[in-house]
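Structure first, then comments.
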Amino acid sequence: MPRTMKAAAFVRPGRIELREKPVPEVGPLDALMRVTTTTICGTDVHILKGEYPVAEGLTIGHEPVGVIERLGSAVRGYREGQRVIAGAITPSGWSNACLCGCGAQDGAGTAHGWKPMGGWKFGNTIDGCQAEYVLVPDAMANLAPVPDSLTDEQVLMCPDIMSTGFGGAESGGIRIGDAVAVFAQGPIGLCATAGAKLKGATTIIAVDRVPERLEMARRLGADHVVDFSKADPVEEIRRITGGRGVDVSIEALGTQATFEACLRVLRPGGTLSSLGVYSTDLRIPLDAFAAGLGDHRIVTTLCPGGKERMRRLMEVIAAGRLDLGPLVTHRFPLDRIEEAYDLFSHQRDGVLKVAITP
Ligand SMILES: NC(=O)c1ccc[n+]([C@@H]2O[C@H](COP(=O)([O-])OP(=O)(O)OC[C@H]3O[C@@H](n4cnc5c(N)ncnc54)[C@H](O)[C@@H]3O)[C@@H](O)[C@H]2O)c1
Ligand SMILES: [Zn+2]
């Protein structure tokens, strides 16, 4: 095995560059994964722009598909050479958060301090997977074997996009026959739309303005699409639902405008399920909130991780319930990742997700 590897490191706001770094040492509970395919997330773009701070030199990326190169001495139940994925969020399996059923918040609220999003480690608090190799912590809680029938690209959305989007639909508690509005149809919103369909919603309204994204929303399950640059989505959604409003609205962007619109389209007693990452304080308008008496629920979700979550998501694909392959619109070797960032961050050329192959 080589001693060094190529890895995409954060240098400073506006600059992520490919560097030569040491291949990580494997601790007893870790596994070293040789990355065969990975991708770039909208959150990596927040990091690139300096909107989300990480340490200088940190390897970015949290969506790994690969092969087990080496197992830690205490890891049982896997073999080297096995094809695996790990979730973007890597819960330990034994923290208080994990044992409360909320592994995404692993490590939050310990005697050492309060740290929301503690389970998000790759490309945040430890080196990530836009590299030839990545060290997976707590391997026995996080490595999920990939069924032979599935290609790398077929499972590439499981670690983050699919888990998050589905998580939004699940946290919203969608029931058979529900009306659901999904604000924003980036990769996250598209997976929320697909999740709403799988949960049994029968009126799914997808909001965006990019024609390719609205088209993809229809393919993945939207019954109606609303171009917010041409019509007021709140009025359109009220019209489509015969004035009732939706049972569940899903926010998949992270802005005041979309959060507020999500509140305004809810029926009394409906649920606002929020997925976006916000960068300013939110304001809750009194009228849309029915002065606090609307029986609304507002829930948030950080991408669920862990091997059992990954197994289930791959099962959805293997069972033919959903094909997210079409979300991969562009392909780059790791050597050209800087170009891939440029294309992805400017949303050029109809890009949805890029596949990066070391
Ligand atoms: N909760 C989580 O665990 C989690 C995980 C990953 C990403 N995220 C966050 O989810 C959000 C979406 O990520 P993405 O990669 O899909 O984003 P993206 O930037 O690819 O897509 C955003 C979409 O929003 C559309 N849009 C812009 N203004 C709009 C408006 N007013 N109404 C409706 N649509 C509008 C854009 O046209 C675009 O298609 C980001 O904030 C990201 O950081 C959250
Ligand atoms: Zn992400």
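Naming works like this for the structure tokens: A, B, ... for the chains as they're shown, residue 1 at the start of each chain, ligands 1 onward in shown order.
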Could you name the residues that touch Arg238 of chain A at 10 Å or less, counting only C-alpha atoms, but leaving out those on the same chain fewer than 4 positions away, as a list in words?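 Near Arg238 of chain A, the qualifying residues are Pro233, Val234, Gly242, Gly243, Arg244, Gly245, Val246, Arg264, Val265, Leu266 and Arg267 of chain A.
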Using only C-alpha atoms and all ligand atoms, which protein or nucleic acid residues are at most 7 Å from ligand 1, as a ChimeraX atom specification? /A:41-43,160-161,164,183-189,207-210,213,228,252-254,257-258,275-278,301-303,352
Contacts of Arg175 of chain A at 8 Å or less, counting only C-alpha atoms, minus same-chain residues fewer than 6 places along, as a ChimeraX atom specification? /A:199-201
Selected residues written out, C-alpha atoms, as a short mmCIF file (atom, residue, chain, number, x, y, z; two decimals), in the first residue's frame:
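The new file out12.cif reads:
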```cif
data_model
loop_
_atom_site.label_atom_id
_atom_site.label_comp_id
_atom_site.auth_asym_id
_atom_site.auth_seq_id
_atom_site.Cartn_x
_atom_site.Cartn_y
_atom_site.Cartn_z
CA LYS A 199 -44.30 7.40 2.04
CA GLY A 200 -47.62 7.45 0.18
CA ALA A 201 -48.32 11.13 -0.42
#
```
Can you tell me, as a list in words, what residues are no more than 8 Å from Met314 of chain A when counting only C-alpha atoms, ignoring any on the same chain fewer than 6 positions away?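 Surrounding residues, per the criterion: Val146, Pro147, Val155 and Cys158 of chain A.
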Two-atom distance - atom CA of Leu343 of chain A, atom CA of Pro358 of chain A (Å): 18.1 Å
As a VMD selection string, list the residues of segment 246-294 of chain A assigned to strand (DSSP E or B) by DSSP on the backbone atoms of this structure. chain A and resid 246 to 251 266 to 274
If you run DSSP on this backbone, which residues of segment 6-152 of chain A come out as alpha helix (DSSP H), and could you give them as a list in words?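 Answer for segment 6-152 of chain A, restricted to alpha helix (DSSP H): Gly42, Thr43, Asp44, Val45, His46, Ile47, Leu48, Asn96, Ala97, Cys98, Leu99, Ala139, Met140, Ala141, Asn142 and Asp152 of chain A.
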N, CA and C atoms of the current selection, written as a PDB file, in the first residue's frame:
```pdb
ATOM      1  N   GLY A  42     -23.634  20.159  -1.505  1.00  0.00           N
ATOM      2  CA  GLY A  42     -23.859  21.593  -1.369  1.00  0.00           C
ATOM      3  C   GLY A  42     -23.169  22.147  -0.117  1.00  0.00           C
ATOM      4  N   THR A  43     -23.077  21.315   0.912  1.00  0.00           N
ATOM      5  CA  THR A  43     -22.426  21.749   2.151  1.00  0.00           C
ATOM      6  C   THR A  43     -20.926  21.964   1.918  1.00  0.00           C
ATOM      7  N   ASP A  44     -20.300  21.155   1.039  1.00  0.00           N
ATOM      8  CA  ASP A  44     -18.884  21.366   0.702  1.00  0.00           C
ATOM      9  C   ASP A  44     -18.702  22.730   0.026  1.00  0.00           C
ATOM     10  N   VAL A  45     -19.730  23.136  -0.706  1.00  0.00           N
ATOM     11  CA  VAL A  45     -19.666  24.450  -1.353  1.00  0.00           C
ATOM     12  C   VAL A  45     -19.737  25.562  -0.299  1.00  0.00           C
ATOM     13  N   HIS A  46     -20.580  25.344   0.751  1.00  0.00           N
ATOM     14  CA  HIS A  46     -20.597  26.306   1.872  1.00  0.00           C
ATOM     15  C   HIS A  46     -19.185  26.404   2.479  1.00  0.00           C
ATOM     16  N   ILE A  47     -18.494  25.243   2.613  1.00  0.00           N
ATOM     17  CA  ILE A  47     -17.133  25.233   3.168  1.00  0.00           C
ATOM     18  C   ILE A  47     -16.194  25.994   2.232  1.00  0.00           C
ATOM     19  N   LEU A  48     -16.262  25.681   0.947  1.00  0.00           N
ATOM     20  CA  LEU A  48     -15.406  26.343  -0.043  1.00  0.00           C
ATOM     21  C   LEU A  48     -15.565  27.864   0.026  1.00  0.00           C
ATOM     22  N   ASN A  96     -24.549   8.923  24.239  1.00  0.00           N
ATOM     23  CA  ASN A  96     -25.907   9.167  24.745  1.00  0.00           C
ATOM     24  C   ASN A  96     -26.865   9.444  23.601  1.00  0.00           C
ATOM     25  N   ALA A  97     -26.409  10.255  22.625  1.00  0.00           N
ATOM     26  CA  ALA A  97     -27.279  10.591  21.499  1.00  0.00           C
ATOM     27  C   ALA A  97     -27.692   9.319  20.759  1.00  0.00           C
ATOM     28  N   CYS A  98     -26.720   8.438  20.496  1.00  0.00           N
ATOM     29  CA  CYS A  98     -27.035   7.180  19.798  1.00  0.00           C
ATOM     30  C   CYS A  98     -28.053   6.375  20.585  1.00  0.00           C
ATOM     31  N   LEU A  99     -27.842   6.292  21.892  1.00  0.00           N
ATOM     32  CA  LEU A  99     -28.714   5.458  22.710  1.00  0.00           C
ATOM     33  C   LEU A  99     -30.081   6.096  22.918  1.00  0.00           C
ATOM     34  N   ALA A 139     -15.869   1.606  12.891  1.00  0.00           N
ATOM     35  CA  ALA A 139     -16.201   0.876  11.656  1.00  0.00           C
ATOM     36  C   ALA A 139     -17.396  -0.052  11.825  1.00  0.00           C
ATOM     37  N   MET A 140     -17.502  -0.695  12.997  1.00  0.00           N
ATOM     38  CA  MET A 140     -18.578  -1.677  13.155  1.00  0.00           C
ATOM     39  C   MET A 140     -19.952  -1.019  13.219  1.00  0.00           C
ATOM     40  N   ALA A 141     -20.003   0.292  13.498  1.00  0.00           N
ATOM     41  CA  ALA A 141     -21.296   0.987  13.492  1.00  0.00           C
ATOM     42  C   ALA A 141     -21.574   1.614  12.125  1.00  0.00           C
ATOM     43  N   ASN A 142     -20.538   1.677  11.291  1.00  0.00           N
ATOM     44  CA  ASN A 142     -20.690   2.527  10.103  1.00  0.00           C
ATOM     45  C   ASN A 142     -20.480   1.890   8.738  1.00  0.00           C
ATOM     46  N   ASP A 152     -21.385   1.436  -8.010  1.00  0.00           N
ATOM     47  CA  ASP A 152     -21.003   2.575  -7.163  1.00  0.00           C
ATOM     48  C   ASP A 152     -21.974   3.740  -7.344  1.00  0.00           C
TER      49      ASP A 152
END
```
Report the distance between atom CA of Ser279 of chain A and atom CA of Thr125 of chain A in Å, rounded to one decimal place.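 The value is 19.5 Å.
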One-decimal distance in Å that lies between atom CA of Ser171 of chain A and atom CA of Cys102 of chain A: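 Separating atom CA of Cys102 of chain A from atom CA of Ser171 of chain A is a distance of 12.1 Å.
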Tell me which protein, DNA and RNA residues are within 12 Å of Ser92 of chain A, counting only C-alpha atoms, leaving out same-chain ones fewer than 6 positions away, and put them as a list in words.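 Residues near the query, excluding close chain neighbours: Leu29, Asp30, Cys98, Leu99, Cys102, Gly103, Ala104, Gln105, Asp106, Gly107, Ala108, Gly118, Gly119, Trp120, Lys121, Val136, Pro137, Asp138, Ala139, Met140, Ala141, Asn142, Leu143, Gly305, Gly306 and Lys307 of chain A.
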Expected file contents, prior selection, C-alpha atoms, as an mmCIF file, in the first residue's frame:
```cif
data_model
loop_
_atom_site.group_PDB
_atom_site.id
_atom_site.type_symbol
_atom_site.label_atom_id
_atom_site.label_comp_id
_atom_site.auth_asym_id
_atom_site.auth_seq_id
_atom_site.Cartn_x
_atom_site.Cartn_y
_atom_site.Cartn_z
ATOM 1 C CA LEU A 29 -11.909 0.405 15.941
ATOM 2 C CA ASP A 30 -11.320 2.038 12.529
ATOM 3 C CA CYS A 98 -27.035 7.180 19.798
ATOM 4 C CA LEU A 99 -28.714 5.458 22.710
ATOM 5 C CA CYS A 102 -30.549 10.155 17.486
ATOM 6 C CA GLY A 103 -27.120 9.078 16.256
ATOM 7 C CA ALA A 104 -26.775 12.085 13.952
ATOM 8 C CA GLN A 105 -26.249 14.175 17.096
ATOM 9 C CA ASP A 106 -23.549 11.798 18.375
ATOM 10 C CA GLY A 107 -21.270 13.523 20.857
ATOM 11 C CA ALA A 108 -23.551 16.545 21.332
ATOM 12 C CA GLY A 118 -21.663 15.991 16.568
ATOM 13 C CA GLY A 119 -22.192 12.955 14.369
ATOM 14 C CA TRP A 120 -21.026 14.792 11.255
ATOM 15 C CA LYS A 121 -17.303 14.047 11.334
ATOM 16 C CA VAL A 136 -13.839 5.327 8.839
ATOM 17 C CA PRO A 137 -14.255 5.749 12.630
ATOM 18 C CA ASP A 138 -16.239 3.197 14.660
ATOM 19 C CA ALA A 139 -16.201 0.876 11.656
ATOM 20 C CA MET A 140 -18.578 -1.677 13.155
ATOM 21 C CA ALA A 141 -21.296 0.987 13.492
ATOM 22 C CA ASN A 142 -20.690 2.527 10.103
ATOM 23 C CA LEU A 143 -19.527 0.177 7.335
ATOM 24 C CA GLY A 305 -26.192 7.832 9.362
ATOM 25 C CA GLY A 306 -24.942 4.448 10.535
ATOM 26 C CA LYS A 307 -24.748 1.073 8.801
#
```
